[in-house]
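Reproduced below: target36.tsv, with TSV, C-alpha atoms.
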chain	number	residue	atom	x	y	z
A	1	MET	CA	-94.15	-75.62	-89.88
A	2	LEU	CA	-92.16	-73.30	-87.70
A	3	VAL	CA	-92.56	-73.70	-84.00
A	4	VAL	CA	-90.97	-70.35	-83.24
A	5	THR	CA	-93.99	-68.42	-84.45
A	6	GLU	CA	-95.90	-69.51	-81.37
A	7	ARG	CA	-96.10	-66.98	-78.57
A	8	GLU	CA	-93.31	-67.32	-76.09
A	9	GLN	CA	-93.27	-66.11	-72.52
A	10	LEU	CA	-89.97	-64.27	-72.37
A	11	PRO	CA	-88.93	-62.22	-69.34
A	12	VAL	CA	-88.55	-59.00	-71.27
A	13	ALA	CA	-90.21	-56.85	-68.61
A	14	GLN	CA	-87.81	-58.18	-65.98
A	15	ALA	CA	-84.88	-57.56	-68.32
A	16	ARG	CA	-86.02	-53.97	-68.64
A	17	GLU	CA	-85.75	-53.67	-64.88
A	18	GLY	CA	-82.16	-54.94	-65.02
A	19	SER	CA	-82.63	-58.55	-63.94
A	20	VAL	CA	-79.48	-60.47	-64.89
A	21	GLU	CA	-81.35	-63.77	-64.76
A	22	ALA	CA	-83.88	-62.43	-67.24
A	23	TRP	CA	-81.10	-61.34	-69.55
A	24	LYS	CA	-79.45	-64.72	-69.21
A	25	SER	CA	-82.68	-66.35	-70.24
A	26	LEU	CA	-83.01	-64.08	-73.28
A	27	PHE	CA	-79.38	-64.68	-74.17
A	28	ARG	CA	-79.97	-68.44	-74.00
A	29	ARG	CA	-83.00	-68.12	-76.27
A	30	TYR	CA	-81.47	-65.93	-78.97
A	31	ARG	CA	-77.74	-66.58	-78.95
A	32	LEU	CA	-77.75	-69.41	-81.50
A	33	PRO	CA	-80.43	-68.04	-83.88
A	34	LEU	CA	-78.63	-64.70	-83.94
A	35	TYR	CA	-75.32	-66.39	-84.55
A	36	VAL	CA	-76.76	-68.50	-87.38
A	37	TYR	CA	-78.19	-65.42	-89.04
A	38	VAL	CA	-74.97	-63.44	-88.72
A	39	VAL	CA	-72.55	-66.20	-89.64
A	40	GLU	CA	-74.56	-67.15	-92.71
A	41	LEU	CA	-74.32	-63.54	-93.86
A	42	MET	CA	-70.76	-62.78	-92.81
A	43	ARG	CA	-69.19	-66.19	-93.50
A	44	ASP	CA	-66.64	-65.56	-90.79
A	45	GLU	CA	-66.85	-67.18	-87.37
A	46	GLN	CA	-64.89	-64.66	-85.30
A	47	THR	CA	-66.57	-61.65	-86.86
A	48	SER	CA	-69.95	-63.26	-86.28
A	49	LEU	CA	-69.19	-63.95	-82.63
A	50	ASP	CA	-68.12	-60.34	-82.21
A	51	ILE	CA	-71.31	-59.09	-83.83
A	52	VAL	CA	-73.51	-61.28	-81.63
A	53	GLN	CA	-71.65	-60.01	-78.58
A	54	GLU	CA	-72.04	-56.39	-79.67
A	55	THR	CA	-75.71	-57.00	-80.39
A	56	PHE	CA	-76.38	-58.15	-76.84
A	57	ILE	CA	-74.35	-55.34	-75.28
A	58	ASN	CA	-76.24	-52.86	-77.41
A	59	ALA	CA	-79.51	-54.47	-76.34
A	60	PHE	CA	-78.57	-54.24	-72.65
A	61	GLN	CA	-77.84	-50.55	-73.00
A	62	ASN	CA	-80.83	-49.61	-75.11
A	63	ILE	CA	-83.62	-51.90	-73.95
A	64	ALA	CA	-85.62	-48.79	-73.03
A	65	ALA	CA	-85.89	-48.03	-76.74
A	66	LEU	CA	-87.84	-51.26	-77.33
A	67	ARG	CA	-91.49	-50.26	-77.64
A	68	ASP	CA	-93.22	-53.61	-77.67
A	69	ASN	CA	-91.94	-56.46	-75.48
A	70	GLU	CA	-93.26	-59.02	-77.94
A	71	LYS	CA	-91.07	-57.60	-80.68
A	72	LEU	CA	-87.84	-58.32	-78.84
A	73	GLY	CA	-86.74	-60.94	-81.39
A	74	ALA	CA	-87.23	-58.64	-84.36
A	75	TRP	CA	-85.51	-55.85	-82.45
A	76	LEU	CA	-82.45	-58.01	-81.69
A	77	PHE	CA	-82.20	-59.21	-85.28
A	78	GLY	CA	-82.54	-55.62	-86.44
A	79	ILE	CA	-79.54	-54.63	-84.31
A	80	ALA	CA	-77.55	-57.60	-85.62
A	81	HIS	CA	-78.49	-56.74	-89.20
A	82	GLN	CA	-77.30	-53.16	-88.76
A	83	LYS	CA	-74.04	-54.42	-87.25
A	84	CYS	CA	-73.52	-56.66	-90.29
A	85	ILE	CA	-73.98	-53.70	-92.60
A	86	GLN	CA	-71.58	-51.63	-90.49
A	87	GLN	CA	-69.06	-54.45	-90.69
A	88	TRP	CA	-69.33	-54.57	-94.48
A	89	ARG	CA	-68.88	-50.85	-94.67
A	90	ARG	CA	-65.91	-51.01	-92.34
A	91	ARG	CA	-64.26	-53.59	-94.46
A	92	ASP	CA	-65.30	-51.72	-97.56
A	93	ARG	CA	-65.57	-54.86	-99.56
A	94	ASP	CA	-68.34	-56.68	-101.36
A	95	ALA	CA	-69.63	-53.25	-102.32
A	96	GLN	CA	-71.77	-54.69	-105.05
A	97	LEU	CA	-73.47	-57.16	-102.75
A	98	ARG	CA	-74.02	-54.50	-100.16
A	99	ASP	CA	-75.70	-52.24	-102.66
A	100	GLU	CA	-77.97	-55.09	-103.64
A	101	LEU	CA	-79.52	-54.88	-100.17
A	102	GLY	CA	-81.42	-51.82	-101.35
A	103	GLN	CA	-81.81	-52.72	-105.04
A	104	GLN	CA	-84.00	-55.70	-105.77
A	105	PRO	CA	-86.89	-55.90	-108.20
A	106	VAL	CA	-90.29	-55.79	-106.55
A	107	VAL	CA	-92.42	-58.80	-107.46
A	108	ASP	CA	-95.64	-59.57	-105.65
A	109	VAL	CA	-96.18	-63.20	-104.76
A	110	ASP	CA	-98.99	-64.89	-102.93
A	111	GLY	CA	-96.89	-65.71	-99.89
A	112	PRO	CA	-93.99	-67.75	-98.65
A	113	VAL	CA	-94.04	-71.47	-99.33
A	114	GLU	CA	-92.51	-73.78	-96.79
A	115	ILE	CA	-89.60	-75.97	-97.67
A	116	LEU	CA	-88.88	-79.32	-96.11
A	117	VAL	CA	-85.51	-80.90	-96.62
A	118	ARG	CA	-84.61	-84.58	-96.59
A	119	GLU	CA	-81.65	-85.64	-94.50
A	120	GLU	CA	-79.47	-86.46	-97.51
A	121	GLN	CA	-80.17	-83.00	-98.91
A	122	GLU	CA	-78.99	-81.06	-95.86
A	123	ALA	CA	-75.51	-80.45	-97.21
A	124	GLU	CA	-76.98	-79.29	-100.51
A	125	PHE	CA	-79.34	-77.01	-98.64
A	126	MET	CA	-76.49	-75.38	-96.75
A	127	ARG	CA	-74.44	-75.05	-99.92
A	128	GLY	CA	-77.43	-73.54	-101.69
A	129	MET	CA	-77.94	-71.02	-98.93
A	130	GLY	CA	-74.32	-69.98	-99.28
A	131	LYS	CA	-74.73	-69.46	-103.02
A	132	LEU	CA	-77.71	-67.14	-102.72
A	133	PRO	CA	-77.15	-63.41	-103.03
A	134	ILE	CA	-76.87	-61.77	-99.62
A	135	PRO	CA	-80.24	-59.94	-99.77
A	136	GLN	CA	-82.13	-63.16	-100.57
A	137	ARG	CA	-80.10	-65.08	-98.01
A	138	SER	CA	-80.85	-62.48	-95.35
A	139	ALA	CA	-84.60	-62.60	-95.99
A	140	LEU	CA	-84.67	-66.40	-96.11
A	141	LEU	CA	-82.62	-66.73	-92.91
A	142	LEU	CA	-84.95	-64.40	-91.02
A	143	HIS	CA	-87.91	-66.35	-92.31
A	144	PHE	CA	-86.44	-69.78	-91.65
A	145	VAL	CA	-84.63	-69.22	-88.36
A	146	GLU	CA	-87.17	-67.15	-86.46
A	147	GLY	CA	-90.24	-67.35	-88.65
A	148	PHE	CA	-90.54	-63.59	-88.85
A	149	SER	CA	-93.45	-62.21	-90.85
A	150	LEU	CA	-92.91	-60.27	-94.07
A	151	ASP	CA	-93.58	-57.06	-92.19
A	152	GLU	CA	-91.04	-57.90	-89.50
A	153	ILE	CA	-88.38	-58.85	-92.05
A	154	ALA	CA	-89.05	-55.59	-93.87
A	155	ARG	CA	-88.55	-53.67	-90.64
A	156	ILE	CA	-85.43	-55.59	-89.62
A	157	THR	CA	-83.75	-55.06	-92.97
A	158	ASN	CA	-85.24	-51.61	-93.54
A	159	THR	CA	-86.55	-52.70	-96.92
A	160	PRO	CA	-89.96	-52.34	-98.59
A	161	ILE	CA	-92.27	-55.27	-97.99
A	162	GLY	CA	-92.68	-55.93	-101.71
A	163	THR	CA	-88.95	-56.32	-102.04
A	164	ILE	CA	-88.94	-58.83	-99.21
A	165	LYS	CA	-91.68	-60.85	-100.92
A	166	SER	CA	-89.60	-60.88	-104.06
A	167	ARG	CA	-86.45	-61.96	-102.25
A	168	LEU	CA	-88.25	-64.77	-100.47
A	169	TYR	CA	-89.85	-65.94	-103.69
A	170	TYR	CA	-86.66	-66.01	-105.74
A	171	GLY	CA	-84.60	-67.37	-102.86
A	172	LYS	CA	-86.97	-70.28	-102.27
A	173	ARG	CA	-87.24	-71.02	-105.95
A	174	ALA	CA	-83.46	-71.13	-106.27
A	175	LEU	CA	-83.16	-73.39	-103.24
A	176	ARG	CA	-85.89	-75.71	-104.46
A	177	GLU	CA	-84.28	-76.04	-107.87
A	178	LEU	CA	-80.98	-76.80	-106.21
A	179	LEU	CA	-82.52	-79.50	-104.03
A	180	GLU	CA	-84.36	-81.00	-106.99
A	181	ASP	CA	-81.13	-81.15	-108.99
A	182	ALA	CA	-79.40	-82.79	-106.05
A	183	SER	CA	-82.10	-85.44	-105.68
A	184	GLU	CA	-82.04	-86.40	-109.38
B	1	MET	CA	-87.70	-84.52	-93.14
B	2	LYS	CA	-86.34	-81.46	-91.41
B	3	THR	CA	-87.26	-77.83	-91.48
B	4	PRO	CA	-84.70	-75.31	-92.69
B	5	ARG	CA	-84.58	-73.97	-89.14
B	6	GLU	CA	-83.54	-77.31	-87.73
B	7	ILE	CA	-80.90	-77.75	-90.41
B	8	LEU	CA	-79.47	-74.27	-89.91
B	9	LEU	CA	-79.38	-74.50	-86.12
B	10	ASN	CA	-77.90	-78.01	-86.16
B	11	HIS	CA	-75.30	-76.99	-88.71
B	12	HIS	CA	-73.96	-74.29	-86.38
B	13	ARG	CA	-74.57	-76.11	-83.11
B	14	ASN	CA	-70.83	-76.57	-82.63
B	15	ALA	CA	-70.47	-72.81	-82.06
B	16	ASP	CA	-72.73	-73.00	-79.01
B	17	PRO	CA	-69.93	-73.51	-76.44
B	18	LYS	CA	-68.29	-70.31	-77.68
B	19	LEU	CA	-71.61	-68.52	-77.40
B	20	VAL	CA	-72.09	-69.86	-73.88
B	21	ALA	CA	-68.64	-68.59	-72.96
B	22	MET	CA	-69.58	-65.22	-74.43
B	23	TRP	CA	-72.07	-64.68	-71.60
B	24	ASN	CA	-69.17	-64.08	-69.18
B	25	ARG	CA	-68.06	-61.18	-71.34
B	26	VAL	CA	-71.47	-59.61	-71.88
B	27	ALA	CA	-72.96	-60.21	-68.42
B	28	PRO	CA	-71.11	-57.27	-66.79
B	29	HIS	CA	-72.85	-54.98	-69.26
B	30	ALA	CA	-76.21	-56.39	-68.20
B	31	THR	CA	-75.48	-55.59	-64.55
B	32	ALA	CA	-73.75	-52.28	-65.23
B	33	PRO	CA	-75.76	-49.20	-64.31
B	34	ARG	CA	-78.00	-48.15	-67.12
B	35	ARG	CA	-77.65	-44.86	-68.88
B	36	ILE	CA	-80.41	-43.51	-66.72
B	37	PRO	CA	-80.98	-40.18	-68.46
B	38	MET	CA	-81.50	-41.90	-71.79
B	39	ALA	CA	-83.65	-44.60	-70.22
B	40	VAL	CA	-85.76	-42.01	-68.47
B	41	PHE	CA	-85.97	-39.97	-71.64
B	42	HIS	CA	-87.15	-42.99	-73.61
B	43	LEU	CA	-89.64	-43.90	-70.90
B	44	LEU	CA	-91.07	-40.38	-70.77
B	45	TRP	CA	-91.19	-40.22	-74.52
B	46	ARG	CA	-92.96	-43.57	-74.81
B	47	GLU	CA	-95.40	-43.13	-71.93
B	48	LEU	CA	-96.03	-39.40	-71.82
B	49	VAL	CA	-95.29	-37.74	-75.13
B	50	TRP	CA	-95.86	-40.31	-77.87
B	51	PRO	CA	-99.40	-41.50	-76.89
B	52	CYS	CA	-100.79	-37.93	-77.08
B	53	ARG	CA	-98.38	-36.50	-79.58
B	54	ARG	CA	-101.07	-34.54	-81.41
B	55	ILE	CA	-102.08	-32.77	-78.23
B	56	TRP	CA	-98.46	-31.91	-77.44
B	57	ALA	CA	-97.94	-30.68	-80.98
B	58	GLY	CA	-101.08	-28.54	-80.71
B	59	LEU	CA	-99.90	-27.03	-77.43
B	60	ALA	CA	-96.49	-26.35	-78.90
B	61	CYS	CA	-98.08	-24.58	-81.88
B	62	ALA	CA	-100.30	-22.53	-79.57
B	63	TRP	CA	-97.32	-21.44	-77.47
B	64	ALA	CA	-95.29	-20.63	-80.55
B	65	LEU	CA	-98.17	-18.49	-81.82
B	66	ILE	CA	-98.46	-16.70	-78.46
B	67	ILE	CA	-94.73	-15.98	-78.44
B	68	VAL	CA	-94.78	-14.69	-81.99
B	69	VAL	CA	-97.80	-12.45	-81.35
B	70	ASN	CA	-96.23	-11.20	-78.13
B	71	ALA	CA	-92.94	-10.45	-79.84
B	72	THR	CA	-94.51	-8.59	-82.75
B	73	SER	CA	-96.82	-6.45	-80.57
B	74	TYR	CA	-94.18	-5.54	-77.97
B	75	GLU	CA	-93.89	-1.84	-77.04
B	76	PRO	CA	-91.45	-0.67	-74.37
B	77	ALA	CA	-93.32	0.85	-71.41
B	78	PRO	CA	-92.42	4.48	-70.68
B	79	GLN	CA	-90.24	4.59	-67.58
B	80	VAL	CA	-91.87	7.58	-65.87
B	81	ALA	CA	-90.45	6.98	-62.44
B	82	GLY	CA	-86.89	6.67	-63.62
B	83	LYS	CA	-86.96	9.78	-65.74
B	84	ALA	CA	-89.01	11.97	-63.39
B	85	GLU	CA	-87.21	15.07	-62.19
B	86	PRO	CA	-87.51	16.29	-58.60
B	87	PRO	CA	-90.35	18.80	-58.17
B	88	SER	CA	-89.33	22.42	-58.42
B	89	ARG	CA	-89.62	24.88	-55.54
B	90	GLU	CA	-92.76	26.44	-57.02
B	91	GLU	CA	-94.45	23.06	-57.32
B	92	MET	CA	-93.64	22.25	-53.71
B	93	ARG	CA	-94.99	25.58	-52.57
B	94	ALA	CA	-98.20	25.08	-54.54
B	95	LEU	CA	-98.57	21.62	-52.99
B	96	VAL	CA	-98.15	22.98	-49.47
B	97	GLU	CA	-100.70	25.70	-50.15
B	98	GLN	CA	-103.15	23.13	-51.44
B	99	ARG	CA	-102.70	21.08	-48.28
B	100	GLN	CA	-103.20	24.12	-46.06
B	101	LEU	CA	-106.34	25.08	-47.97
B	102	LEU	CA	-107.65	21.56	-47.70
B	103	ALA	CA	-106.95	21.51	-43.94
B	104	GLN	CA	-108.79	24.82	-43.45
B	105	MET	CA	-111.76	23.50	-45.32
B	106	MET	CA	-111.76	20.34	-43.19
B	107	GLY	CA	-111.48	22.39	-40.01
B	108	SER	CA	-108.25	20.88	-38.72
B	109	PRO	CA	-105.00	22.78	-37.96
B	110	PRO	CA	-102.77	23.27	-40.98
B	111	PRO	CA	-100.07	20.65	-41.41
B	112	ILE	CA	-96.64	21.64	-40.24
B	113	ASP	CA	-94.13	21.97	-42.92
B	114	ALA	CA	-91.69	19.09	-42.44
B	115	ARG	CA	-88.70	21.12	-43.40
B	116	GLN	CA	-89.70	23.86	-41.05
B	117	SER	CA	-90.22	21.57	-38.05
B	118	ASN	CA	-87.03	19.63	-38.47
B	119	ALA	CA	-84.86	22.72	-38.93
B	120	PRO	CA	-82.98	23.70	-35.74
B	121	GLY	CA	-84.12	26.90	-34.07
B	122	PRO	CA	-81.95	29.97	-33.52
B	123	ARG	CA	-79.04	29.54	-31.08
B	124	SER	CA	-80.35	32.40	-28.84
B	125	GLU	CA	-83.55	30.40	-28.15
B	126	CYS	CA	-81.49	27.40	-27.11
B	127	ASN	CA	-79.50	29.59	-24.68
B	128	GLU	CA	-82.71	31.00	-23.16
B	129	GLU	CA	-84.11	27.53	-22.57
B	130	ALA	CA	-80.89	26.46	-20.91
B	131	SER	CA	-80.79	29.47	-18.55
B	132	ALA	CA	-84.46	29.01	-17.59
B	133	ALA	CA	-83.77	25.40	-16.69
Please go through the file and, once you have read it, give me the structure as C-alpha cells.
Amino acid sequence: MLVVTEREQLPVAQAREGSVEAWKSLFRRYRLPLYVYVVELMRDEQTSLDIVQETFINAFQNIAALRDNEKLGAWLFGIAHQKCIQQWRRRDRDAQLRDELGQQPVVDVDGPVEILVREEQEAEFMRGMGKLPIPQRSALLLHFVEGFSLDEIARITNTPIGTIKSRLYYGKRALRELLEDASE
Amino acid sequence: MKTPREILLNHHRNADPKLVAMWNRVAPHATAPRRIPMAVFHLLWRELVWPCRRIWAGLACAWALIIVVNATSYEPAPQVAGKAEPPSREEMRALVEQRQLLAQMMGSPPPIDARQSNAPGPRSECNEEASAA
C-alpha cells in the first residue's frame, strides 16, 4: 500500500509567509515525484527538469492562490501537468496523443486495484509504463507516485472522474497483462 | 515485492543530483518579493469575499437595482437661483413700503433705506459743516 497517502506535516503555512527553509523542505519532498511524473510523460530529461523548475517558480509566485494547505501536492502536480500540456502545444507534435487527454471512453469500475511488482519484473514494468497511452500513463503515475485519489487526479488533469476511473482500469489491466506475459 | 512508487522513484533516482542543483536556481525566486497586490487580492478574495459570496452578490444586486431605479427616475432640478432676474424697481419699492408698514404696525421707527443712507449728501451741506467746525 502507498505510504504517501498518510497525512504529512508540511510547512505550507510557513512557505506562504515566505520562509525559504519551508520552501526548501517542500522542494525536497516533491522534487523527485514531480520529476518522475513529468519525465514519464515527456520522455525527455532536459525538458522535464525545466518543467519541474518552472513548476516550483510558479508555485513560489502564486502560493496565495492555494486554498487548502493540505492540497499542496495536488496543486503542484496540477501546475506540472499544465506545463506538460503547454510544452506539447509549443512543440506542436503528438497532436493525436494530446487530444486523447480529453477523449477517453467513460467506464465505471469498482475502484483502483493495487499492483505489486517482483524485482525481476521492474524493467518490464517500466517498459510497460512507457507503452501506455499518455492519458492512462498520466493517471497511473499520479496514482502510483503520490497516491492521489480519483477526485484529485480528475482535478489535476482537468478530466471527468469517470474518465479517470476508466484510464486507471485500462492502464492497470494493460500493465498486469504485460507483467504476466513477462513472468511466463 | 515492490510498489510501483518505489520502482518509479528508484528508476529516476539518478536525476536527483540535478534536481538538488536546481534549488540554487529556484531559491532566489522563493526569496524574491512576492507580487503583493496579487497576494493581497487572493487573500482578500479567499478570506473576505468567497466565504460570504451570496451576501456580497445580494448586496451587489441591491446596489445595481438602486442605481437603475435612480437613473430611470432622475429629473433635473429647476435652477431657480441661477435663472432669477434682479428685482425690478417697482418690486423693490413695494418691498420697502411693506417694511415701512410693518414697522409702523410694530411701533418702531421705519427702516432707513440703505441706498438713501449710503448716498453722499449735497456738497453745500458738506461746506456748511466745515465752516461751522
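Here CA of His42 (chain B) stands at a distance of 29.0 Å from CA of Ile66 (chain B).
CA of Glu122 (chain A) is found 21.5 Å from CA of Arg167 (chain A).
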Contact residues (chain A, partner chain B, 6 Å, all atoms listed in the file) as a PyMOL selection string: chain A and resi 60+64+116-118+144-145
Test item: residues at most 12 Å from Phe27 (chain A), all atoms listed in the file, excluding those fewer than 5 positions along its chain, as number ranges by chain: A: 10-12, 15, 20-22, 32-35, 52-53, 55-57, 59-60, 72-73, 76; B: 16, 19-24, 26-27, 30
How about saving the chosen residues, C-alpha atoms kept, as a short mmCIF file (atom, residue, chain, number, x, y, z; two decimals), in the frame of the given file?
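Result file is result.cif:
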data_model
loop_
_atom_site.label_atom_id
_atom_site.label_comp_id
_atom_site.auth_asym_id
_atom_site.auth_seq_id
_atom_site.Cartn_x
_atom_site.Cartn_y
_atom_site.Cartn_z
CA LEU A 10 -89.97 -64.27 -72.37
CA PRO A 11 -88.93 -62.22 -69.34
CA VAL A 12 -88.55 -59.00 -71.27
CA ALA A 15 -84.88 -57.56 -68.32
CA VAL A 20 -79.48 -60.47 -64.89
CA GLU A 21 -81.35 -63.77 -64.76
CA ALA A 22 -83.88 -62.43 -67.24
CA LEU A 32 -77.75 -69.41 -81.50
CA PRO A 33 -80.43 -68.04 -83.88
CA LEU A 34 -78.63 -64.70 -83.94
CA TYR A 35 -75.32 -66.39 -84.55
CA VAL A 52 -73.51 -61.28 -81.63
CA GLN A 53 -71.65 -60.01 -78.58
CA THR A 55 -75.71 -57.00 -80.39
CA PHE A 56 -76.38 -58.15 -76.84
CA ILE A 57 -74.35 -55.34 -75.28
CA ALA A 59 -79.51 -54.47 -76.34
CA PHE A 60 -78.57 -54.24 -72.65
CA LEU A 72 -87.84 -58.32 -78.84
CA GLY A 73 -86.74 -60.94 -81.39
CA LEU A 76 -82.45 -58.01 -81.69
CA ASP B 16 -72.73 -73.00 -79.01
CA LEU B 19 -71.61 -68.52 -77.40
CA VAL B 20 -72.09 -69.86 -73.88
CA ALA B 21 -68.64 -68.59 -72.96
CA MET B 22 -69.58 -65.22 -74.43
CA TRP B 23 -72.07 -64.68 -71.60
CA ASN B 24 -69.17 -64.08 -69.18
CA VAL B 26 -71.47 -59.61 -71.88
CA ALA B 27 -72.96 -60.21 -68.42
CA ALA B 30 -76.21 -56.39 -68.20
#
From A:Ile161, A:Asp181, A:Phe77, A:Leu49, residue lying nearest Gly128 (chain A) [only C-alpha atoms]: A:Asp181
Interatomic distance, CA of Tyr74 (chain B) to CA of Trp56 (chain B) (Å, one decimal): 26.7 Å
